[in-house]
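Coordinates as given in protein.cif (mmCIF, C-alpha atoms and all ligand atoms):
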```
data_entry
loop_
_atom_site.label_atom_id
_atom_site.label_comp_id
_atom_site.auth_asym_id
_atom_site.auth_seq_id
_atom_site.Cartn_x
_atom_site.Cartn_y
_atom_site.Cartn_z
CA MET T 1 -19.89 -5.21 -8.20
CA LYS T 2 -18.12 -6.45 -11.33
CA VAL T 3 -16.12 -9.56 -10.48
CA GLY T 4 -14.34 -12.17 -12.51
CA PHE T 5 -11.42 -14.42 -13.30
CA ILE T 6 -8.58 -14.70 -15.74
CA GLN T 7 -7.95 -18.26 -16.92
CA THR T 8 -4.30 -18.50 -17.94
CA LEU T 9 -1.78 -20.71 -19.76
CA PRO T 10 1.52 -20.00 -18.00
CA VAL T 11 4.97 -20.82 -19.37
CA PHE T 12 6.73 -22.79 -16.65
CA GLY T 13 9.43 -20.77 -14.92
CA ASP T 14 9.00 -17.55 -16.92
CA ILE T 15 7.79 -15.22 -14.17
CA LEU T 16 8.30 -12.06 -16.21
CA ALA T 17 6.30 -13.29 -19.20
CA ASN T 18 3.51 -14.80 -17.11
CA VAL T 19 3.11 -11.71 -14.94
CA ASP T 20 3.34 -9.25 -17.83
CA LYS T 21 0.71 -11.19 -19.78
CA ALA T 22 -1.65 -11.23 -16.79
CA VAL T 23 -1.09 -7.52 -16.19
CA ALA T 24 -1.90 -6.76 -19.84
CA ARG T 25 -5.12 -8.77 -19.55
CA LEU T 26 -6.02 -7.08 -16.26
CA SER T 27 -5.40 -3.66 -17.82
CA SER T 28 -8.01 -4.36 -20.49
CA LEU T 29 -10.62 -5.75 -18.10
CA ASP T 30 -13.62 -3.80 -16.82
CA ALA T 31 -13.85 -5.34 -13.34
CA GLU T 32 -13.48 -4.38 -9.69
CA LEU T 33 -12.35 -7.73 -8.33
CA VAL T 34 -10.42 -10.32 -10.33
CA VAL T 35 -8.97 -13.71 -9.40
CA LEU T 36 -5.94 -15.26 -11.11
CA PRO T 37 -5.02 -18.97 -10.87
CA GLU T 38 -2.86 -20.75 -8.31
CA LEU T 39 0.91 -20.31 -8.98
CA PHE T 40 -0.02 -18.08 -11.93
CA SER T 41 3.44 -16.53 -12.16
CA THR T 42 5.57 -19.69 -12.18
CA GLY T 43 3.56 -22.65 -13.39
CA TYR T 44 2.79 -25.66 -11.25
CA GLN T 45 4.98 -28.75 -11.51
CA PHE T 46 8.24 -28.10 -9.68
CA ARG T 47 10.80 -30.91 -9.82
CA SER T 48 12.10 -30.22 -6.34
CA LYS T 49 11.88 -27.89 -3.39
CA GLU T 50 15.18 -26.36 -4.53
CA GLU T 51 13.70 -25.54 -7.91
CA ALA T 52 10.63 -24.01 -6.28
CA MET T 53 12.89 -21.97 -3.99
CA SER T 54 14.84 -20.66 -6.99
CA LEU T 55 11.59 -19.35 -8.51
CA ALA T 56 9.97 -18.12 -5.28
CA GLU T 57 9.19 -14.51 -4.50
CA ASP T 58 8.30 -12.25 -1.63
CA ALA T 59 4.52 -11.78 -1.25
CA LYS T 60 4.78 -7.99 -0.99
CA VAL T 61 7.71 -6.87 -3.10
CA GLY T 62 8.36 -9.71 -5.58
CA TYR T 63 7.85 -9.09 -9.29
CA ALA T 64 4.35 -10.61 -9.27
CA ALA T 65 3.22 -8.66 -6.21
CA ALA T 66 4.72 -5.34 -7.33
CA SER T 67 3.26 -5.68 -10.83
CA LEU T 68 -0.20 -6.60 -9.55
CA ILE T 69 -0.13 -3.74 -7.02
CA GLU T 70 0.75 -1.31 -9.81
CA VAL T 71 -2.14 -2.41 -12.03
CA ALA T 72 -4.53 -2.56 -9.04
CA LYS T 73 -3.72 1.08 -8.26
CA LYS T 74 -4.05 2.16 -11.87
CA LYS T 75 -7.35 0.33 -12.41
CA LYS T 76 -8.72 0.79 -8.87
CA MET T 77 -9.15 -2.97 -8.80
CA PHE T 78 -8.80 -5.74 -6.22
CA ILE T 79 -6.81 -8.77 -7.36
CA ALA T 80 -6.26 -12.18 -5.76
CA ALA T 81 -3.50 -14.28 -7.31
CA GLY T 82 -1.65 -17.49 -6.53
CA ILE T 83 2.11 -17.16 -6.14
CA ASN T 84 5.08 -19.29 -5.13
CA GLU T 85 6.00 -17.47 -1.93
CA LYS T 86 9.44 -17.44 -0.33
CA VAL T 87 9.60 -16.94 3.43
CA LYS T 88 13.16 -17.36 4.69
CA ARG T 89 14.03 -21.03 3.95
CA LYS T 90 10.43 -22.08 3.25
CA VAL T 91 8.25 -21.97 0.15
CA PHE T 92 4.49 -21.66 0.43
CA ASN T 93 1.79 -22.13 -2.18
CA SER T 94 0.16 -18.77 -1.45
CA SER T 95 -2.47 -16.36 -2.63
CA ILE T 96 -2.03 -12.62 -2.28
CA LEU T 97 -4.76 -10.00 -2.20
CA VAL T 98 -3.88 -6.54 -3.43
CA GLY T 99 -5.98 -3.44 -4.09
CA PRO T 100 -5.92 0.24 -5.01
CA LYS T 101 -4.04 1.01 -1.79
CA GLY T 102 -1.48 -1.75 -2.23
CA PHE T 103 -0.86 -5.06 -0.49
CA ILE T 104 -3.77 -6.34 1.65
CA GLY T 105 -2.99 -9.89 2.75
CA VAL T 106 -1.59 -13.32 2.05
CA TYR T 107 -3.12 -16.78 2.52
CA ARG T 108 -0.86 -19.85 2.51
CA LYS T 109 -2.48 -23.05 1.20
CA ALA T 110 -3.57 -25.19 4.11
CA HIS T 111 -4.28 -28.43 2.25
CA LEU T 112 -1.42 -29.41 -0.04
CA PHE T 113 -2.30 -31.69 -2.96
CA TRP T 114 -0.20 -34.80 -3.75
CA ASN T 115 3.42 -33.91 -4.63
CA GLU T 116 2.94 -30.36 -3.35
CA LYS T 117 3.65 -31.97 0.02
CA LYS T 118 7.25 -32.59 -1.15
CA ILE T 119 7.72 -28.98 -2.25
CA PHE T 120 5.78 -26.56 -0.08
CA SER T 121 5.40 -26.01 3.64
CA PRO T 122 1.80 -26.36 4.81
CA GLY T 123 0.04 -23.04 5.26
CA ASP T 124 0.48 -21.22 8.56
CA THR T 125 -2.08 -18.43 8.00
CA PRO T 126 -5.69 -18.45 9.21
CA PHE T 127 -8.66 -18.27 6.85
CA GLU T 128 -8.89 -14.48 7.01
CA VAL T 129 -11.70 -12.20 5.87
CA TYR T 130 -10.97 -8.76 4.40
CA ASP T 131 -13.45 -5.90 4.01
CA ILE T 132 -12.71 -4.37 0.60
CA GLY T 133 -15.61 -1.92 0.69
CA LYS T 134 -18.19 -3.44 -1.63
CA ALA T 135 -17.66 -6.96 -0.27
CA LYS T 136 -16.08 -9.03 2.44
CA VAL T 137 -13.73 -11.52 0.85
CA GLY T 138 -11.60 -14.46 1.88
CA MET T 139 -9.15 -16.70 0.09
CA MET T 140 -8.66 -20.44 -0.25
CA ILE T 141 -6.54 -22.28 -2.82
CA CYS T 142 -7.50 -25.13 -5.13
CA PHE T 143 -7.56 -28.44 -3.15
CA ASP T 144 -8.92 -26.58 -0.11
CA TRP T 145 -12.29 -27.11 -1.84
CA VAL T 146 -12.26 -30.76 -0.73
CA PHE T 147 -12.38 -29.65 2.89
CA PRO T 148 -15.79 -28.01 3.46
CA GLU T 149 -14.44 -26.54 6.69
CA ALA T 150 -12.30 -24.08 4.71
CA ALA T 151 -15.22 -22.40 2.95
CA ARG T 152 -17.36 -22.76 6.08
CA THR T 153 -14.77 -21.02 8.22
CA LEU T 154 -14.55 -18.14 5.77
CA ALA T 155 -18.36 -17.90 5.66
CA LEU T 156 -18.65 -18.00 9.46
CA LYS T 157 -16.09 -15.20 9.63
CA GLY T 158 -18.31 -13.11 7.35
CA ALA T 159 -16.91 -13.71 3.86
CA GLU T 160 -19.41 -12.91 1.13
CA VAL T 161 -17.13 -13.82 -1.76
CA ILE T 162 -14.54 -16.60 -1.73
CA LEU T 163 -11.54 -15.97 -3.96
CA HIS T 164 -10.24 -19.34 -5.12
CA PRO T 165 -7.05 -19.45 -7.21
CA SER T 166 -6.71 -22.99 -8.57
CA ASN T 167 -4.72 -25.37 -10.76
CA LEU T 168 -7.34 -28.08 -11.04
CA VAL T 169 -6.47 -31.50 -12.39
CA LEU T 170 -9.31 -33.59 -10.92
CA PRO T 171 -12.70 -33.01 -12.60
CA TYR T 172 -14.87 -32.46 -9.53
CA CYS T 173 -14.21 -28.94 -8.30
CA PRO T 174 -16.43 -26.84 -10.59
CA GLN T 175 -19.48 -28.86 -9.51
CA ALA T 176 -18.30 -28.97 -5.89
CA MET T 177 -18.02 -25.18 -5.74
CA ILE T 178 -21.74 -25.03 -6.50
CA THR T 179 -22.27 -26.91 -3.25
CA ARG T 180 -19.64 -24.88 -1.34
CA SER T 181 -21.47 -21.71 -2.43
CA LEU T 182 -24.94 -23.05 -1.73
CA GLU T 183 -24.17 -24.59 1.67
CA ASN T 184 -22.63 -21.31 2.84
CA ARG T 185 -24.76 -18.86 0.84
CA ILE T 186 -21.65 -17.15 -0.50
CA PHE T 187 -20.35 -16.22 -3.92
CA SER T 188 -17.18 -17.91 -5.12
CA ILE T 189 -14.73 -17.16 -7.89
CA THR T 190 -12.56 -20.09 -8.97
CA ALA T 191 -9.77 -19.15 -11.39
CA ASN T 192 -8.07 -22.10 -13.02
CA ARG T 193 -5.46 -22.55 -15.74
CA VAL T 194 -5.45 -24.61 -18.92
CA GLY T 195 -2.81 -26.66 -20.74
CA THR T 196 -0.50 -29.45 -19.62
CA GLU T 197 2.80 -29.78 -17.80
CA GLU T 198 5.10 -32.80 -17.83
CA ARG T 199 8.25 -31.62 -16.15
CA ILE T 200 8.60 -35.01 -14.46
CA LYS T 201 8.67 -37.83 -17.02
CA GLY T 202 5.50 -39.92 -16.97
CA LYS T 203 3.73 -37.48 -14.63
CA GLU T 204 1.83 -35.34 -17.09
CA LEU T 205 -0.71 -33.02 -15.53
CA LYS T 206 -3.66 -31.76 -17.55
CA PHE T 207 -5.39 -28.72 -16.16
CA ILE T 208 -9.13 -28.56 -16.67
CA GLY T 209 -9.91 -24.86 -17.11
CA THR T 210 -13.60 -24.41 -16.29
CA SER T 211 -12.98 -21.31 -14.18
CA GLN T 212 -16.24 -20.05 -12.77
CA VAL T 213 -18.16 -17.51 -10.76
CA THR T 214 -20.83 -19.13 -8.60
CA ALA T 215 -23.65 -17.33 -6.80
CA PHE T 216 -24.89 -17.70 -3.21
CA ASN T 217 -27.80 -19.82 -4.49
CA GLY T 218 -25.61 -22.23 -6.43
CA GLU T 219 -26.23 -20.64 -9.80
CA VAL T 220 -23.16 -20.70 -12.09
CA LEU T 221 -23.03 -17.11 -13.32
CA CYS T 222 -20.10 -17.55 -15.66
CA ARG T 223 -18.03 -20.58 -16.64
CA ALA T 224 -14.98 -20.73 -18.91
CA GLY T 225 -14.14 -23.47 -21.37
CA ARG T 226 -11.66 -26.28 -20.76
CA ARG T 227 -8.91 -25.47 -23.25
CA LYS T 228 -8.21 -21.80 -23.84
CA PRO T 229 -7.06 -18.84 -21.79
CA GLU T 230 -10.00 -16.50 -21.31
CA ALA T 231 -11.48 -14.01 -18.90
CA GLY T 232 -14.96 -13.88 -17.44
CA VAL T 233 -16.65 -10.96 -15.67
CA VAL T 234 -20.13 -10.79 -14.16
CA GLU T 235 -22.06 -8.37 -11.99
CA ILE T 236 -22.90 -9.61 -8.49
CA ASP T 237 -24.51 -8.13 -5.40
CA PRO T 238 -22.37 -9.37 -2.47
CA LYS T 239 -25.06 -8.20 -0.01
CA LYS T 240 -27.13 -11.20 -1.10
CA ALA T 241 -24.64 -13.40 0.75
CA ARG T 242 -25.32 -11.62 4.05
CA THR T 243 -28.56 -13.26 5.04
CA LYS T 244 -28.27 -16.90 5.96
CA ASP T 245 -32.05 -17.43 6.09
CA ILE T 246 -33.14 -20.31 3.88
CA THR T 247 -36.84 -20.31 4.85
CA PRO T 248 -38.64 -18.14 7.43
CA LEU T 249 -37.86 -20.95 9.90
CA ASN T 250 -34.39 -21.99 8.76
CA ASN T 251 -31.11 -20.21 9.19
CA LEU T 252 -28.02 -21.81 7.74
CA PHE T 253 -25.76 -20.95 10.64
CA LYS T 254 -28.18 -20.92 13.57
CA ASP T 255 -29.69 -24.30 12.68
CA ARG T 256 -26.37 -26.12 12.78
CA ARG T 257 -26.52 -28.98 15.30
CA LYS T 258 -23.09 -28.43 16.76
CA ASP T 259 -24.08 -30.77 19.60
CA LEU T 260 -24.18 -33.62 17.04
CA PHE T 261 -21.20 -32.71 14.92
CA LEU T 262 -17.64 -34.01 15.22
CA LEU T 263 -15.06 -31.32 14.59
C1 LIG V 1 -4.49 -28.53 -6.56
O1 LIG V 1 -4.71 -28.31 -5.37
N1 LIG V 1 -3.68 -27.77 -7.26
C2 LIG V 1 -5.14 -29.65 -7.24
#
```
Go ahead and render the structure in this file as structure tokens.
Amino acid sequence: MKVGFIQTLPVFGDILANVDKAVARLSSLDAELVVLPELFSTGYQFRSKEEAMSLAEDAKVGYAAASLIEVAKKKKMFIAAGINEKVKRKVFNSSILVGPKGFIGVYRKAHLFWNEKKIFSPGDTPFEVYDIGKAKVGMMICFDWVFPEAARTLALKGAEVILHPSNLVLPYCPQAMITRSLENRIFSITANRVGTEERIKGKELKFIGTSQVTAFNGEVLCRAGRRKPEAGVVEIDPKKARTKDITPLNNLFKDRRKDLFLL
């Protein structure tokens, strides 16, 4: 299965330009499953909840969703992408999954990072797993990586590939996703953005790029640079994530000492 990421440099607030650029890049990509960054259509640093609301879209019929569905149908591709989702009077930092048959699902970020807590409502969706034919996939968003339970829950529910739209500012995630992949024997695709935003004076954010595809054994199959928009595609065999045997006598899930763990 050919999977990958598109590492972007969005223009804050210009949904049309950001979406159209991503669609053009997707159209030229030879891949079956592609992940776009967190909030890829809007940019990241909202000044207020009101501003976020004014740029928020419906997860199924908004411009981002409709455009991604169209290209997914045309290219027979599955796409996960982070959007600023409007649900009645709430905004969620969400990721949608679309495919050749249209909309598949939405995940709303469970663990909000820093000032996101002033803008977005905390996610109210479970960590869901979707069978897309060649793989079972699940979504988590950026800072969810800090909570090993997120990836673990997806893995326990049968995910073979974690789709991980991100807007990373701290430097740790690319290395941490090696561990998340290894400790769950799953593939992961982290799509990040590059560039900076300083929409609040003195609060410049610098995004670290370094999007990557990581294998079930912790091998980094493809890693982007830190500064430029780029795409990466690699071939993976999602079936390799199915067995949780580490040695003939060790199974990652069965060996867990739940009697000793605090949950
Ligand atoms: C983040 O969760 N966007 C750091």
query: In terms of the shortest atom-to-atom distance over only C-alpha atoms, which of T:Asp255, T:Glu183, T:Glu32, T:Asp124 is closest to Ala151 in chain T?
result: T:Glu183
Would you tabulate, counting only C-alpha atoms and all ligand atoms, all residues of chain T that have an atom at most 9 Å from an atom of ligand LIG 1 (chain V), showing the closest pair of atoms and their distance in Å to one decimal, sorted by chain then ascending number, as a Markdown table?
```
| residue | atom | partner | partner_atom | distance |
| --- | --- | --- | --- | --- |
| T:Glu38 | CA | V:LIG1 | N1 | 7.1 |
| T:Leu39 | CA | V:LIG1 | N1 | 8.9 |
| T:Tyr44 | CA | V:LIG1 | N1 | 7.9 |
| T:Lys109 | CA | V:LIG1 | O1 | 8.7 |
| T:His111 | CA | V:LIG1 | O1 | 7.6 |
| T:Leu112 | CA | V:LIG1 | O1 | 6.4 |
| T:Phe113 | CA | V:LIG1 | O1 | 4.8 |
| T:Trp114 | CA | V:LIG1 | C2 | 7.9 |
| T:Glu116 | CA | V:LIG1 | N1 | 8.1 |
| T:Ile141 | CA | V:LIG1 | O1 | 6.8 |
| T:Cys142 | CA | V:LIG1 | O1 | 4.2 |
| T:Phe143 | CA | V:LIG1 | O1 | 3.6 |
| T:Asp144 | CA | V:LIG1 | O1 | 7.0 |
| T:Trp145 | CA | V:LIG1 | O1 | 8.4 |
| T:Pro165 | CA | V:LIG1 | N1 | 9.0 |
| T:Ser166 | CA | V:LIG1 | N1 | 5.8 |
| T:Asn167 | CA | V:LIG1 | N1 | 4.4 |
| T:Leu168 | CA | V:LIG1 | C2 | 4.7 |
| T:Val169 | CA | V:LIG1 | C2 | 5.6 |
| T:Leu170 | CA | V:LIG1 | C2 | 6.8 |
| T:Phe207 | CA | V:LIG1 | C2 | 9.0 |
```
Write the residues you've just listed into a file as a PDB file, in the coordinates of the input, and include C-alpha atoms for each of them.
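File produced: result-v4.pdb:
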```pdb
ATOM      1  CA  GLU T  38      -2.860 -20.750  -8.310  1.00  0.00           C
ATOM      2  CA  LEU T  39       0.910 -20.310  -8.980  1.00  0.00           C
ATOM      3  CA  TYR T  44       2.790 -25.660 -11.250  1.00  0.00           C
ATOM      4  CA  LYS T 109      -2.480 -23.050   1.200  1.00  0.00           C
ATOM      5  CA  HIS T 111      -4.280 -28.430   2.250  1.00  0.00           C
ATOM      6  CA  LEU T 112      -1.420 -29.410  -0.040  1.00  0.00           C
ATOM      7  CA  PHE T 113      -2.300 -31.690  -2.960  1.00  0.00           C
ATOM      8  CA  TRP T 114      -0.200 -34.800  -3.750  1.00  0.00           C
ATOM      9  CA  GLU T 116       2.940 -30.360  -3.350  1.00  0.00           C
ATOM     10  CA  ILE T 141      -6.540 -22.280  -2.820  1.00  0.00           C
ATOM     11  CA  CYS T 142      -7.500 -25.130  -5.130  1.00  0.00           C
ATOM     12  CA  PHE T 143      -7.560 -28.440  -3.150  1.00  0.00           C
ATOM     13  CA  ASP T 144      -8.920 -26.580  -0.110  1.00  0.00           C
ATOM     14  CA  TRP T 145     -12.290 -27.110  -1.840  1.00  0.00           C
ATOM     15  CA  PRO T 165      -7.050 -19.450  -7.210  1.00  0.00           C
ATOM     16  CA  SER T 166      -6.710 -22.990  -8.570  1.00  0.00           C
ATOM     17  CA  ASN T 167      -4.720 -25.370 -10.760  1.00  0.00           C
ATOM     18  CA  LEU T 168      -7.340 -28.080 -11.040  1.00  0.00           C
ATOM     19  CA  VAL T 169      -6.470 -31.500 -12.390  1.00  0.00           C
ATOM     20  CA  LEU T 170      -9.310 -33.590 -10.920  1.00  0.00           C
ATOM     21  CA  PHE T 207      -5.390 -28.720 -16.160  1.00  0.00           C
TER      22      PHE T 207
END
```
Among the residues T:Arg223, T:Lys49, T:Lys206, T:Arg180, the one that comes closest to Lys90 in chain T [using all atoms listed in the file]: T:Lys49
- request: For CA of Ser67 in chain T and CA of Lys88 in chain T, determine how far apart the two atoms are, in Å to one decimal place.
  value: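 According to the coordinates, CA of Ser67 in chain T and CA of Lys88 in chain T are separated by 21.8 Å.
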- prompt: So how far away is CA of Arg257 in chain T from CA of Asn184 in chain T, in Å?
  reply: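 Separation between CA of Asn184 in chain T and CA of Arg257 in chain T: 15.1 Å.
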- request: Do a neighbour search on Lys244 in chain T at 8 Å with all atoms listed in the file, toss out local chain neighbours closer than 4 positions, and write the hits as a VMD selection string.
  value: chain T and resid 184 to 185 251 to 253
Given the selection you just returned, output its residues as a file containing C-alpha atoms, formatted as a tab-separated table (two decimals), in the frame of the given file.
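Contents of result.tsv, freshly written:
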```tsv
chain	number	residue	atom	x	y	z
T	184	ASN	CA	-22.63	-21.31	2.84
T	185	ARG	CA	-24.76	-18.86	0.84
T	251	ASN	CA	-31.11	-20.21	9.19
T	252	LEU	CA	-28.02	-21.81	7.74
T	253	PHE	CA	-25.76	-20.95	10.64
```
Just want the 10 Å neighbourhood of range 41-43 of chain T, counted on only C-alpha atoms, with same-chain residues fewer than 3 positions away dropped. Output as a PDB file with C-alpha atoms, in the frame of the given file.
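Printed below is result_11.pdb as written:
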```
ATOM      1  CA  THR T   8      -4.300 -18.500 -17.940  1.00  0.00           C
ATOM      2  CA  LEU T   9      -1.780 -20.710 -19.760  1.00  0.00           C
ATOM      3  CA  PRO T  10       1.520 -20.000 -18.000  1.00  0.00           C
ATOM      4  CA  VAL T  11       4.970 -20.820 -19.370  1.00  0.00           C
ATOM      5  CA  PHE T  12       6.730 -22.790 -16.650  1.00  0.00           C
ATOM      6  CA  GLY T  13       9.430 -20.770 -14.920  1.00  0.00           C
ATOM      7  CA  ASP T  14       9.000 -17.550 -16.920  1.00  0.00           C
ATOM      8  CA  ILE T  15       7.790 -15.220 -14.170  1.00  0.00           C
ATOM      9  CA  LEU T  16       8.300 -12.060 -16.210  1.00  0.00           C
ATOM     10  CA  ALA T  17       6.300 -13.290 -19.200  1.00  0.00           C
ATOM     11  CA  ASN T  18       3.510 -14.800 -17.110  1.00  0.00           C
ATOM     12  CA  VAL T  19       3.110 -11.710 -14.940  1.00  0.00           C
ATOM     13  CA  ASP T  20       3.340  -9.250 -17.830  1.00  0.00           C
ATOM     14  CA  LYS T  21       0.710 -11.190 -19.780  1.00  0.00           C
ATOM     15  CA  ALA T  22      -1.650 -11.230 -16.790  1.00  0.00           C
ATOM     16  CA  LEU T  36      -5.940 -15.260 -11.110  1.00  0.00           C
ATOM     17  CA  PRO T  37      -5.020 -18.970 -10.870  1.00  0.00           C
ATOM     18  CA  GLU T  38      -2.860 -20.750  -8.310  1.00  0.00           C
ATOM     19  CA  PHE T  46       8.240 -28.100  -9.680  1.00  0.00           C
ATOM     20  CA  ALA T  52      10.630 -24.010  -6.280  1.00  0.00           C
ATOM     21  CA  LEU T  55      11.590 -19.350  -8.510  1.00  0.00           C
ATOM     22  CA  ALA T  56       9.970 -18.120  -5.280  1.00  0.00           C
ATOM     23  CA  GLU T  57       9.190 -14.510  -4.500  1.00  0.00           C
ATOM     24  CA  TYR T  63       7.850  -9.090  -9.290  1.00  0.00           C
ATOM     25  CA  ALA T  64       4.350 -10.610  -9.270  1.00  0.00           C
ATOM     26  CA  ALA T  65       3.220  -8.660  -6.210  1.00  0.00           C
ATOM     27  CA  ALA T  81      -3.500 -14.280  -7.310  1.00  0.00           C
ATOM     28  CA  GLY T  82      -1.650 -17.490  -6.530  1.00  0.00           C
ATOM     29  CA  ILE T  83       2.110 -17.160  -6.140  1.00  0.00           C
ATOM     30  CA  ASN T  84       5.080 -19.290  -5.130  1.00  0.00           C
ATOM     31  CA  ASN T 167      -4.720 -25.370 -10.760  1.00  0.00           C
ATOM     32  CA  ARG T 193      -5.460 -22.550 -15.740  1.00  0.00           C
ATOM     33  CA  GLU T 197       2.800 -29.780 -17.800  1.00  0.00           C
TER      34      GLU T 197
END
```
- prompt: Hey, what's within 12 Å of Ile79 in chain T if we count all atoms listed in the file and toss same-chain stuff fewer than 2 positions away? As a ChimeraX atom specification, please?
  reply: /T:3-6,22-23,26-27,29,31-37,64-65,67-73,75-77,81-82,95-106,132,137-139,163-165,189,191
task: Go ahead and compute the interatomic distance for CA of Ile162 in chain T and CA of Lys136 in chain T, in Å to one decimal.
output: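 Answer for the CA of Ile162 in chain T to CA of Lys136 in chain T separation: 8.8 Å.
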task: Tell me which of T:Thr243, T:Gln175, T:Gln45, T:Thr210 sits closest to Arg227 in chain T, counting only C-alpha atoms.
output: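 Residue with the minimum atom-to-atom distance to Arg227 in chain T: T:Thr210.
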query: T:Lys118, T:Arg108, T:Lys258, T:Lys228: which is nearest Glu51 in chain T, counting only C-alpha atoms?
result: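 Closest residue, counting only C-alpha atoms: T:Lys118.
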- prompt: Which is closer to Tyr107 in chain T than all the others in T:Val220, T:Ala80, T:Ala241, T:Leu263, using all atoms listed in the file?
  reply: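 Residue with the minimum atom-to-atom distance to Tyr107 in chain T: T:Ala80.
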field: Contacts of Val213 in chain T at 6 Å (only C-alpha atoms; same-chain gap of 4+ positions) as number ranges by chain
entry: T: 188-189, 221-222
